[in-house]
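File shown: structure-v8.txt (compact mmCIF, N, CA and C atoms).
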```txt
# COMPACT_ATOMS: atom_id res chain seq x y z
N THR R 19 -9.49 16.26 28.74
CA THR R 19 -9.86 15.99 27.36
C THR R 19 -8.84 15.05 26.73
N ALA R 20 -9.33 14.28 25.78
CA ALA R 20 -8.47 13.33 25.09
C ALA R 20 -7.68 14.05 24.00
N THR R 21 -6.45 13.65 23.82
CA THR R 21 -5.64 14.23 22.76
C THR R 21 -5.56 13.24 21.61
N PHE R 22 -5.02 13.69 20.52
CA PHE R 22 -4.88 12.84 19.33
C PHE R 22 -4.04 11.61 19.62
N TRP R 23 -2.96 11.78 20.37
CA TRP R 23 -2.02 10.68 20.58
C TRP R 23 -2.62 9.59 21.45
N LYS R 24 -3.51 9.93 22.36
CA LYS R 24 -4.13 8.91 23.20
C LYS R 24 -5.10 8.04 22.40
N GLU R 25 -5.67 8.58 21.35
CA GLU R 25 -6.67 7.86 20.57
C GLU R 25 -6.14 7.37 19.22
N ARG R 26 -4.87 7.44 19.02
CA ARG R 26 -4.32 7.10 17.71
C ARG R 26 -4.57 5.63 17.35
N ARG R 27 -4.39 4.72 18.30
CA ARG R 27 -4.61 3.30 18.02
C ARG R 27 -6.06 3.02 17.64
N VAL R 28 -6.97 3.67 18.33
CA VAL R 28 -8.39 3.49 18.03
C VAL R 28 -8.70 4.00 16.62
N LEU R 29 -8.15 5.16 16.28
CA LEU R 29 -8.34 5.71 14.94
C LEU R 29 -7.80 4.76 13.88
N LEU R 30 -6.61 4.26 14.06
CA LEU R 30 -6.02 3.34 13.09
C LEU R 30 -6.82 2.04 12.99
N MET R 31 -7.32 1.55 14.12
CA MET R 31 -8.13 0.34 14.09
C MET R 31 -9.39 0.55 13.24
N TRP R 32 -10.07 1.69 13.43
CA TRP R 32 -11.27 1.95 12.67
C TRP R 32 -10.97 2.22 11.20
N LEU R 33 -9.84 2.80 10.89
CA LEU R 33 -9.45 2.98 9.50
C LEU R 33 -9.23 1.63 8.82
N VAL R 34 -8.66 0.68 9.54
CA VAL R 34 -8.48 -0.67 9.00
C VAL R 34 -9.84 -1.31 8.73
N PHE R 35 -10.76 -1.20 9.69
CA PHE R 35 -12.11 -1.75 9.49
C PHE R 35 -12.82 -1.07 8.32
N TYR R 36 -12.63 0.23 8.19
CA TYR R 36 -13.23 0.96 7.08
C TYR R 36 -12.67 0.46 5.75
N GLY R 37 -11.38 0.27 5.68
CA GLY R 37 -10.75 -0.24 4.46
C GLY R 37 -11.23 -1.63 4.10
N ILE R 38 -11.37 -2.48 5.11
CA ILE R 38 -11.87 -3.84 4.86
C ILE R 38 -13.31 -3.77 4.35
N GLY R 39 -14.13 -2.95 5.00
CA GLY R 39 -15.52 -2.81 4.57
C GLY R 39 -15.64 -2.26 3.16
N LEU R 40 -14.80 -1.29 2.83
CA LEU R 40 -14.81 -0.73 1.49
C LEU R 40 -14.37 -1.77 0.47
N GLY R 41 -13.38 -2.56 0.82
CA GLY R 41 -12.94 -3.62 -0.08
C GLY R 41 -14.00 -4.68 -0.29
N LEU R 42 -14.75 -4.98 0.76
CA LEU R 42 -15.80 -6.00 0.65
C LEU R 42 -17.00 -5.51 -0.14
N THR R 43 -17.22 -4.22 -0.22
CA THR R 43 -18.38 -3.71 -0.95
C THR R 43 -18.01 -3.21 -2.34
N HIS R 44 -16.92 -2.48 -2.46
CA HIS R 44 -16.57 -1.87 -3.74
C HIS R 44 -16.00 -2.89 -4.72
N THR R 45 -15.16 -3.78 -4.27
CA THR R 45 -14.51 -4.73 -5.17
C THR R 45 -15.51 -5.66 -5.85
N PRO R 46 -16.45 -6.31 -5.14
CA PRO R 46 -17.41 -7.17 -5.84
C PRO R 46 -18.29 -6.40 -6.82
N ALA R 47 -18.69 -5.19 -6.47
CA ALA R 47 -19.51 -4.40 -7.38
C ALA R 47 -18.72 -4.05 -8.64
N SER R 48 -17.47 -3.69 -8.49
CA SER R 48 -16.63 -3.37 -9.65
C SER R 48 -16.43 -4.60 -10.53
N LEU R 49 -16.19 -5.73 -9.92
CA LEU R 49 -15.99 -6.96 -10.70
C LEU R 49 -17.26 -7.36 -11.43
N LEU R 50 -18.40 -7.22 -10.78
CA LEU R 50 -19.68 -7.54 -11.42
C LEU R 50 -19.92 -6.63 -12.61
N LEU R 51 -19.67 -5.36 -12.44
CA LEU R 51 -19.83 -4.40 -13.54
C LEU R 51 -18.87 -4.70 -14.67
N ALA R 52 -17.63 -4.97 -14.35
CA ALA R 52 -16.62 -5.27 -15.37
C ALA R 52 -16.99 -6.54 -16.14
N ASP R 53 -17.50 -7.54 -15.44
CA ASP R 53 -17.90 -8.77 -16.10
C ASP R 53 -19.10 -8.55 -17.02
N ALA R 54 -20.01 -7.67 -16.60
CA ALA R 54 -21.21 -7.43 -17.39
C ALA R 54 -20.92 -6.66 -18.68
N VAL R 55 -19.95 -5.77 -18.67
CA VAL R 55 -19.67 -4.95 -19.86
C VAL R 55 -18.35 -5.31 -20.54
N GLU R 56 -17.79 -6.43 -20.18
CA GLU R 56 -16.47 -6.80 -20.71
C GLU R 56 -16.44 -6.88 -22.23
N HIS R 57 -17.49 -7.41 -22.83
CA HIS R 57 -17.49 -7.63 -24.28
C HIS R 57 -18.24 -6.53 -25.03
N GLU R 58 -18.67 -5.51 -24.34
CA GLU R 58 -19.34 -4.39 -25.01
C GLU R 58 -18.30 -3.57 -25.75
N ARG R 59 -18.76 -2.87 -26.77
CA ARG R 59 -17.85 -2.05 -27.56
C ARG R 59 -18.42 -0.63 -27.67
N GLY R 60 -17.51 0.30 -27.85
CA GLY R 60 -17.91 1.67 -28.17
C GLY R 60 -18.57 2.41 -27.04
N ARG R 61 -19.65 3.10 -27.40
CA ARG R 61 -20.30 4.03 -26.48
C ARG R 61 -20.96 3.34 -25.29
N ALA R 62 -21.42 2.13 -25.46
CA ALA R 62 -22.09 1.45 -24.34
C ALA R 62 -21.13 1.26 -23.17
N LYS R 63 -19.94 0.79 -23.47
CA LYS R 63 -18.95 0.57 -22.41
C LYS R 63 -18.52 1.90 -21.78
N GLU R 64 -18.34 2.90 -22.61
CA GLU R 64 -17.95 4.22 -22.10
C GLU R 64 -19.05 4.81 -21.23
N ALA R 65 -20.31 4.62 -21.63
CA ALA R 65 -21.43 5.16 -20.85
C ALA R 65 -21.52 4.48 -19.49
N VAL R 66 -21.34 3.17 -19.46
CA VAL R 66 -21.39 2.45 -18.20
C VAL R 66 -20.29 2.92 -17.26
N ASN R 67 -19.08 3.05 -17.78
CA ASN R 67 -17.97 3.53 -16.95
C ASN R 67 -18.19 4.96 -16.47
N ALA R 68 -18.76 5.80 -17.33
CA ALA R 68 -19.02 7.19 -16.94
C ALA R 68 -20.06 7.25 -15.82
N ILE R 69 -21.12 6.47 -15.96
CA ILE R 69 -22.17 6.46 -14.94
C ILE R 69 -21.62 5.91 -13.62
N TRP R 70 -20.85 4.83 -13.68
CA TRP R 70 -20.26 4.25 -12.47
C TRP R 70 -19.40 5.27 -11.74
N ASN R 71 -18.49 5.92 -12.46
CA ASN R 71 -17.59 6.89 -11.84
C ASN R 71 -18.33 8.10 -11.31
N THR R 72 -19.34 8.57 -12.05
CA THR R 72 -20.11 9.73 -11.59
C THR R 72 -20.86 9.42 -10.31
N MET R 73 -21.51 8.27 -10.27
CA MET R 73 -22.28 7.91 -9.08
C MET R 73 -21.36 7.63 -7.89
N TRP R 74 -20.18 7.09 -8.14
CA TRP R 74 -19.21 6.86 -7.07
C TRP R 74 -18.81 8.18 -6.44
N GLU R 75 -18.46 9.16 -7.27
CA GLU R 75 -18.06 10.46 -6.76
C GLU R 75 -19.22 11.20 -6.12
N ALA R 76 -20.41 11.14 -6.73
CA ALA R 76 -21.57 11.82 -6.17
C ALA R 76 -21.96 11.22 -4.82
N GLY R 77 -21.90 9.91 -4.71
CA GLY R 77 -22.23 9.26 -3.44
C GLY R 77 -21.26 9.64 -2.34
N GLY R 78 -19.98 9.69 -2.67
CA GLY R 78 -19.00 10.09 -1.67
C GLY R 78 -19.19 11.53 -1.23
N SER R 79 -19.41 12.41 -2.18
CA SER R 79 -19.60 13.82 -1.84
C SER R 79 -20.90 14.04 -1.07
N LEU R 80 -21.95 13.38 -1.50
CA LEU R 80 -23.24 13.52 -0.82
C LEU R 80 -23.17 12.97 0.60
N GLY R 81 -22.41 11.91 0.79
CA GLY R 81 -22.24 11.35 2.13
C GLY R 81 -21.59 12.33 3.08
N PHE R 82 -20.53 12.98 2.62
CA PHE R 82 -19.88 13.98 3.47
C PHE R 82 -20.80 15.17 3.74
N LEU R 83 -21.53 15.60 2.72
CA LEU R 83 -22.43 16.74 2.88
C LEU R 83 -23.54 16.42 3.88
N LEU R 84 -24.21 15.29 3.68
CA LEU R 84 -25.30 14.93 4.59
C LEU R 84 -24.79 14.64 6.00
N GLY R 85 -23.63 14.01 6.09
CA GLY R 85 -23.05 13.77 7.41
C GLY R 85 -22.78 15.07 8.16
N GLY R 86 -22.28 16.06 7.44
CA GLY R 86 -22.02 17.35 8.07
C GLY R 86 -23.29 18.10 8.43
N LEU R 87 -24.31 17.99 7.58
CA LEU R 87 -25.57 18.70 7.85
C LEU R 87 -26.39 18.03 8.94
N LEU R 88 -26.41 16.70 8.93
CA LEU R 88 -27.27 15.97 9.86
C LEU R 88 -26.62 15.72 11.22
N ALA R 89 -25.32 15.82 11.29
CA ALA R 89 -24.64 15.46 12.54
C ALA R 89 -23.66 16.55 12.94
N GLU R 90 -24.20 17.66 13.39
CA GLU R 90 -23.34 18.79 13.75
C GLU R 90 -22.64 18.60 15.09
N ASP R 91 -23.30 17.92 16.04
CA ASP R 91 -22.68 17.72 17.34
C ASP R 91 -22.65 16.23 17.67
N TYR R 92 -22.02 15.89 18.78
CA TYR R 92 -21.79 14.49 19.12
C TYR R 92 -23.09 13.71 19.31
N GLY R 93 -24.09 14.30 19.93
CA GLY R 93 -25.36 13.61 20.14
C GLY R 93 -26.04 13.25 18.83
N ARG R 94 -26.01 14.20 17.90
CA ARG R 94 -26.63 13.93 16.59
C ARG R 94 -25.80 12.93 15.79
N GLN R 95 -24.49 12.93 15.98
CA GLN R 95 -23.65 11.94 15.31
C GLN R 95 -24.01 10.53 15.78
N LEU R 96 -24.24 10.38 17.08
CA LEU R 96 -24.62 9.07 17.62
C LEU R 96 -25.99 8.65 17.09
N GLN R 97 -26.93 9.59 17.01
CA GLN R 97 -28.25 9.27 16.47
C GLN R 97 -28.14 8.83 15.01
N LEU R 98 -27.36 9.55 14.23
CA LEU R 98 -27.18 9.20 12.83
C LEU R 98 -26.52 7.84 12.68
N PHE R 99 -25.49 7.60 13.49
CA PHE R 99 -24.81 6.30 13.46
C PHE R 99 -25.77 5.17 13.82
N GLY R 100 -26.57 5.38 14.85
CA GLY R 100 -27.52 4.35 15.26
C GLY R 100 -28.57 4.08 14.20
N SER R 101 -29.10 5.14 13.59
CA SER R 101 -30.13 4.94 12.56
C SER R 101 -29.53 4.27 11.32
N TYR R 102 -28.31 4.64 10.94
CA TYR R 102 -27.67 3.98 9.81
C TYR R 102 -27.38 2.52 10.11
N SER R 103 -27.00 2.23 11.33
CA SER R 103 -26.74 0.83 11.71
C SER R 103 -28.00 -0.01 11.60
N VAL R 104 -29.12 0.53 12.07
CA VAL R 104 -30.39 -0.19 11.97
C VAL R 104 -30.77 -0.38 10.50
N CYS R 105 -30.60 0.66 9.68
CA CYS R 105 -30.91 0.54 8.25
C CYS R 105 -30.03 -0.51 7.57
N CYS R 106 -28.77 -0.57 7.94
CA CYS R 106 -27.86 -1.58 7.35
C CYS R 106 -28.28 -2.99 7.73
N VAL R 107 -28.64 -3.19 8.98
CA VAL R 107 -29.07 -4.52 9.43
C VAL R 107 -30.37 -4.92 8.73
N LEU R 108 -31.31 -4.00 8.63
CA LEU R 108 -32.57 -4.31 7.95
C LEU R 108 -32.35 -4.60 6.46
N SER R 109 -31.47 -3.84 5.81
CA SER R 109 -31.16 -4.09 4.40
C SER R 109 -30.51 -5.46 4.22
N ALA R 110 -29.57 -5.79 5.09
CA ALA R 110 -28.92 -7.10 5.01
C ALA R 110 -29.93 -8.22 5.22
N ALA R 111 -30.84 -8.06 6.17
CA ALA R 111 -31.87 -9.08 6.41
C ALA R 111 -32.77 -9.22 5.20
N LEU R 112 -33.14 -8.11 4.58
CA LEU R 112 -33.98 -8.17 3.38
C LEU R 112 -33.26 -8.88 2.25
N MET R 113 -31.99 -8.57 2.05
CA MET R 113 -31.23 -9.21 0.97
C MET R 113 -31.07 -10.71 1.21
N LEU R 114 -30.80 -11.09 2.45
CA LEU R 114 -30.68 -12.51 2.76
C LEU R 114 -32.02 -13.23 2.59
N THR R 115 -33.10 -12.55 2.94
CA THR R 115 -34.43 -13.15 2.75
C THR R 115 -34.72 -13.33 1.27
N LEU R 116 -34.43 -12.32 0.46
CA LEU R 116 -34.66 -12.44 -0.98
C LEU R 116 -33.78 -13.52 -1.60
N ALA R 117 -32.56 -13.63 -1.14
CA ALA R 117 -31.68 -14.69 -1.64
C ALA R 117 -32.23 -16.05 -1.25
N GLY R 118 -32.77 -16.16 -0.05
CA GLY R 118 -33.36 -17.42 0.39
C GLY R 118 -34.59 -17.78 -0.42
N VAL R 119 -35.42 -16.79 -0.75
CA VAL R 119 -36.61 -17.05 -1.57
C VAL R 119 -36.19 -17.53 -2.95
N GLY R 120 -35.18 -16.90 -3.54
CA GLY R 120 -34.67 -17.35 -4.83
C GLY R 120 -34.11 -18.76 -4.76
N TRP R 121 -33.47 -19.07 -3.66
CA TRP R 121 -32.91 -20.40 -3.49
C TRP R 121 -34.01 -21.45 -3.41
N ILE R 122 -35.12 -21.11 -2.78
CA ILE R 122 -36.24 -22.05 -2.68
C ILE R 122 -36.76 -22.42 -4.06
N PHE R 123 -36.87 -21.44 -4.95
CA PHE R 123 -37.39 -21.71 -6.28
C PHE R 123 -36.42 -22.50 -7.14
N THR R 124 -35.12 -22.32 -6.91
CA THR R 124 -34.14 -23.05 -7.73
C THR R 124 -33.72 -24.36 -7.08
N ALA R 125 -34.08 -24.59 -5.83
CA ALA R 125 -33.64 -25.81 -5.15
C ALA R 125 -34.34 -27.05 -5.70
N SER R 126 -35.52 -26.90 -6.29
CA SER R 126 -36.24 -28.06 -6.80
C SER R 126 -35.54 -28.65 -8.03
N ARG R 127 -34.76 -27.86 -8.74
CA ARG R 127 -34.04 -28.35 -9.92
C ARG R 127 -32.67 -28.86 -9.47
N LYS R 128 -32.45 -30.13 -9.63
CA LYS R 128 -31.22 -30.74 -9.12
C LYS R 128 -30.06 -30.66 -10.12
N GLU R 129 -30.36 -30.54 -11.41
CA GLU R 129 -29.31 -30.50 -12.42
C GLU R 129 -29.30 -29.14 -13.11
N PRO R 130 -28.12 -28.71 -13.55
CA PRO R 130 -28.08 -27.46 -14.30
C PRO R 130 -28.73 -27.64 -15.67
N LEU R 131 -29.08 -26.55 -16.30
CA LEU R 131 -29.68 -26.62 -17.64
C LEU R 131 -28.69 -27.23 -18.61
N SER R 132 -29.19 -28.06 -19.50
CA SER R 132 -28.33 -28.67 -20.51
C SER R 132 -28.24 -27.74 -21.72
N THR R 133 -27.29 -28.04 -22.59
CA THR R 133 -27.12 -27.24 -23.80
C THR R 133 -28.37 -27.31 -24.68
N LYS R 134 -29.03 -28.47 -24.70
CA LYS R 134 -30.24 -28.62 -25.51
C LYS R 134 -31.35 -27.70 -25.00
N GLU R 135 -31.36 -27.41 -23.71
CA GLU R 135 -32.38 -26.51 -23.15
C GLU R 135 -32.01 -25.04 -23.33
N ILE R 136 -30.71 -24.76 -23.33
CA ILE R 136 -30.27 -23.37 -23.42
C ILE R 136 -30.31 -22.84 -24.85
N MET R 137 -29.94 -23.66 -25.83
CA MET R 137 -29.82 -23.19 -27.21
C MET R 137 -31.12 -22.62 -27.78
N PRO R 138 -32.29 -23.25 -27.58
CA PRO R 138 -33.51 -22.62 -28.11
C PRO R 138 -33.78 -21.25 -27.48
N MET R 139 -33.48 -21.11 -26.19
CA MET R 139 -33.68 -19.82 -25.54
C MET R 139 -32.74 -18.78 -26.14
N ALA R 140 -31.49 -19.16 -26.39
CA ALA R 140 -30.52 -18.24 -26.96
C ALA R 140 -30.93 -17.82 -28.38
N ARG R 141 -31.43 -18.79 -29.18
CA ARG R 141 -31.87 -18.47 -30.54
C ARG R 141 -33.05 -17.49 -30.51
N ASP R 142 -33.99 -17.71 -29.58
CA ASP R 142 -35.13 -16.80 -29.47
C ASP R 142 -34.68 -15.38 -29.11
N CYS R 143 -33.75 -15.30 -28.17
CA CYS R 143 -33.24 -13.98 -27.77
C CYS R 143 -32.53 -13.30 -28.94
N LYS R 144 -31.73 -14.07 -29.68
CA LYS R 144 -30.99 -13.50 -30.81
C LYS R 144 -31.94 -13.03 -31.89
N SER R 145 -32.98 -13.81 -32.18
CA SER R 145 -33.92 -13.39 -33.22
C SER R 145 -34.68 -12.14 -32.80
N GLU R 146 -35.04 -12.03 -31.53
CA GLU R 146 -35.71 -10.82 -31.04
C GLU R 146 -34.78 -9.61 -31.12
N LEU R 147 -33.51 -9.82 -30.78
CA LEU R 147 -32.54 -8.74 -30.85
C LEU R 147 -32.35 -8.27 -32.28
N LEU R 148 -32.24 -9.20 -33.22
CA LEU R 148 -32.06 -8.82 -34.62
C LEU R 148 -33.29 -8.09 -35.16
N ALA R 149 -34.48 -8.53 -34.75
CA ALA R 149 -35.70 -7.85 -35.18
C ALA R 149 -35.74 -6.42 -34.64
N ASP R 150 -35.34 -6.25 -33.39
CA ASP R 150 -35.30 -4.90 -32.80
C ASP R 150 -34.27 -4.02 -33.50
N GLN R 151 -33.14 -4.61 -33.88
CA GLN R 151 -32.10 -3.84 -34.55
C GLN R 151 -32.57 -3.40 -35.95
N ARG R 152 -33.34 -4.26 -36.63
CA ARG R 152 -33.87 -3.89 -37.94
C ARG R 152 -34.85 -2.72 -37.83
N LYS R 153 -35.57 -2.68 -36.70
CA LYS R 153 -36.52 -1.59 -36.48
C LYS R 153 -35.81 -0.32 -36.02
N GLY R 154 -34.55 -0.45 -35.60
CA GLY R 154 -33.80 0.71 -35.15
C GLY R 154 -33.84 0.91 -33.64
N TYR R 155 -34.40 -0.06 -32.89
CA TYR R 155 -34.44 0.08 -31.44
C TYR R 155 -33.07 -0.19 -30.86
N GLY R 156 -32.73 0.53 -29.83
CA GLY R 156 -31.49 0.27 -29.10
C GLY R 156 -30.25 0.83 -29.76
N THR R 157 -30.42 1.63 -30.80
CA THR R 157 -29.23 2.20 -31.43
C THR R 157 -28.94 3.55 -30.81
N VAL R 158 -27.67 3.88 -30.77
CA VAL R 158 -27.22 5.16 -30.23
C VAL R 158 -26.78 6.02 -31.39
N SER R 159 -27.33 7.21 -31.48
CA SER R 159 -26.94 8.07 -32.60
C SER R 159 -26.01 9.17 -32.14
```

Render the structure in this file as structure tokens.
Amino acid sequence: TATFWKERRVLLMWLVFYGIGLGLTHTPASLLLADAVEHERGRAKEAVNAIWNTMWEAGGSLGFLLGGLLAEDYGRQLQLFGSYSVCCVLSAALMLTLAGVGWIFTASRKEPLSTKEIMPMARDCKSELLADQRKGYGTVS
């Protein structure tokens, strides 16, 4: 049987890969969220942070729970690993396909939108927002 010391290098190698993978997934999501709520004030920003932290903790706990329930022995661990690997590859292919479809629609426009094109859209959005606020929509009590 293998002992801990014989497999220590392999364990450390996989921990490094895990850390890199976590950094590649968690950091961009955190930055995107921070950028989206950077200028929010009050309860909206607090609610976003609370939801993010709750889902982060729930996902981690649920992962350990399901991993323990679904993979009790080595054979089932390999099956779970294989099925998760296939799901990850399919998800990545779907995301790349969707990104490619979006690129096709935006590739026909060679120049970015000018200020003259953006300002009417911004005014329309602002007027709709003000009308909704007068009606009381979107307020937190």

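Across the structure, atom N of R:Gly77 and atom C of R:Thr45 are spaced 16.9 Å apart.
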
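Atom pair atom N of R:Arg141 / atom N of R:Ala52 has a distance of 24.5 Å (rounded to one decimal).
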
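Note that atom CA of R:Tyr36 and atom CA of R:Gly85 are 16.1 Å apart.
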
Pull N, CA, C and O atoms for stretch 31-47 of chain R from the block and write them as a compact mmCIF listing (two decimals), in the first residue's frame.
```txt
# COMPACT_ATOMS: atom_id res chain seq x y z
N MET R 31 1.35 18.78 -6.00
CA MET R 31 1.14 19.19 -7.38
C MET R 31 -0.34 19.48 -7.64
O MET R 31 -0.69 20.50 -8.23
N TRP R 32 -1.22 18.60 -7.17
CA TRP R 32 -2.65 18.80 -7.39
C TRP R 32 -3.19 19.96 -6.58
O TRP R 32 -4.12 20.66 -7.01
N LEU R 33 -2.64 20.22 -5.42
CA LEU R 33 -3.05 21.40 -4.65
C LEU R 33 -2.67 22.68 -5.38
O LEU R 33 -3.42 23.66 -5.36
N VAL R 34 -1.52 22.69 -6.04
CA VAL R 34 -1.12 23.85 -6.83
C VAL R 34 -2.09 24.05 -8.00
O VAL R 34 -2.56 25.16 -8.25
N PHE R 35 -2.43 22.96 -8.70
CA PHE R 35 -3.39 23.06 -9.80
C PHE R 35 -4.76 23.53 -9.31
O PHE R 35 -5.44 24.31 -9.96
N TYR R 36 -5.16 23.03 -8.14
CA TYR R 36 -6.44 23.46 -7.56
C TYR R 36 -6.41 24.95 -7.25
O TYR R 36 -7.36 25.68 -7.54
N GLY R 37 -5.34 25.43 -6.68
CA GLY R 37 -5.21 26.85 -6.37
C GLY R 37 -5.24 27.71 -7.62
O GLY R 37 -5.87 28.77 -7.64
N ILE R 38 -4.55 27.26 -8.66
CA ILE R 38 -4.56 28.01 -9.93
C ILE R 38 -5.97 28.04 -10.50
O ILE R 38 -6.46 29.08 -10.94
N GLY R 39 -6.64 26.88 -10.50
CA GLY R 39 -8.01 26.83 -11.02
C GLY R 39 -8.96 27.70 -10.23
O GLY R 39 -9.81 28.40 -10.79
N LEU R 40 -8.81 27.71 -8.91
CA LEU R 40 -9.65 28.55 -8.07
C LEU R 40 -9.38 30.02 -8.35
O LEU R 40 -10.31 30.83 -8.44
N GLY R 41 -8.13 30.37 -8.53
CA GLY R 41 -7.79 31.75 -8.86
C GLY R 41 -8.34 32.18 -10.21
O GLY R 41 -8.77 33.32 -10.39
N LEU R 42 -8.34 31.26 -11.16
CA LEU R 42 -8.85 31.59 -12.50
C LEU R 42 -10.36 31.71 -12.53
O LEU R 42 -10.91 32.37 -13.41
N THR R 43 -11.06 31.08 -11.61
CA THR R 43 -12.52 31.15 -11.62
C THR R 43 -13.06 32.16 -10.61
O THR R 43 -13.96 32.92 -10.92
N HIS R 44 -12.51 32.17 -9.42
CA HIS R 44 -13.06 33.03 -8.37
C HIS R 44 -12.68 34.49 -8.56
O HIS R 44 -13.51 35.38 -8.38
N THR R 45 -11.45 34.76 -8.94
CA THR R 45 -10.99 36.14 -9.06
C THR R 45 -11.76 36.92 -10.13
O THR R 45 -12.23 38.02 -9.85
N PRO R 46 -11.93 36.41 -11.37
CA PRO R 46 -12.70 37.17 -12.35
C PRO R 46 -14.16 37.39 -11.93
O PRO R 46 -14.71 38.47 -12.15
N ALA R 47 -14.77 36.40 -11.30
CA ALA R 47 -16.15 36.57 -10.86
C ALA R 47 -16.23 37.65 -9.78
O ALA R 47 -17.15 38.47 -9.79
```
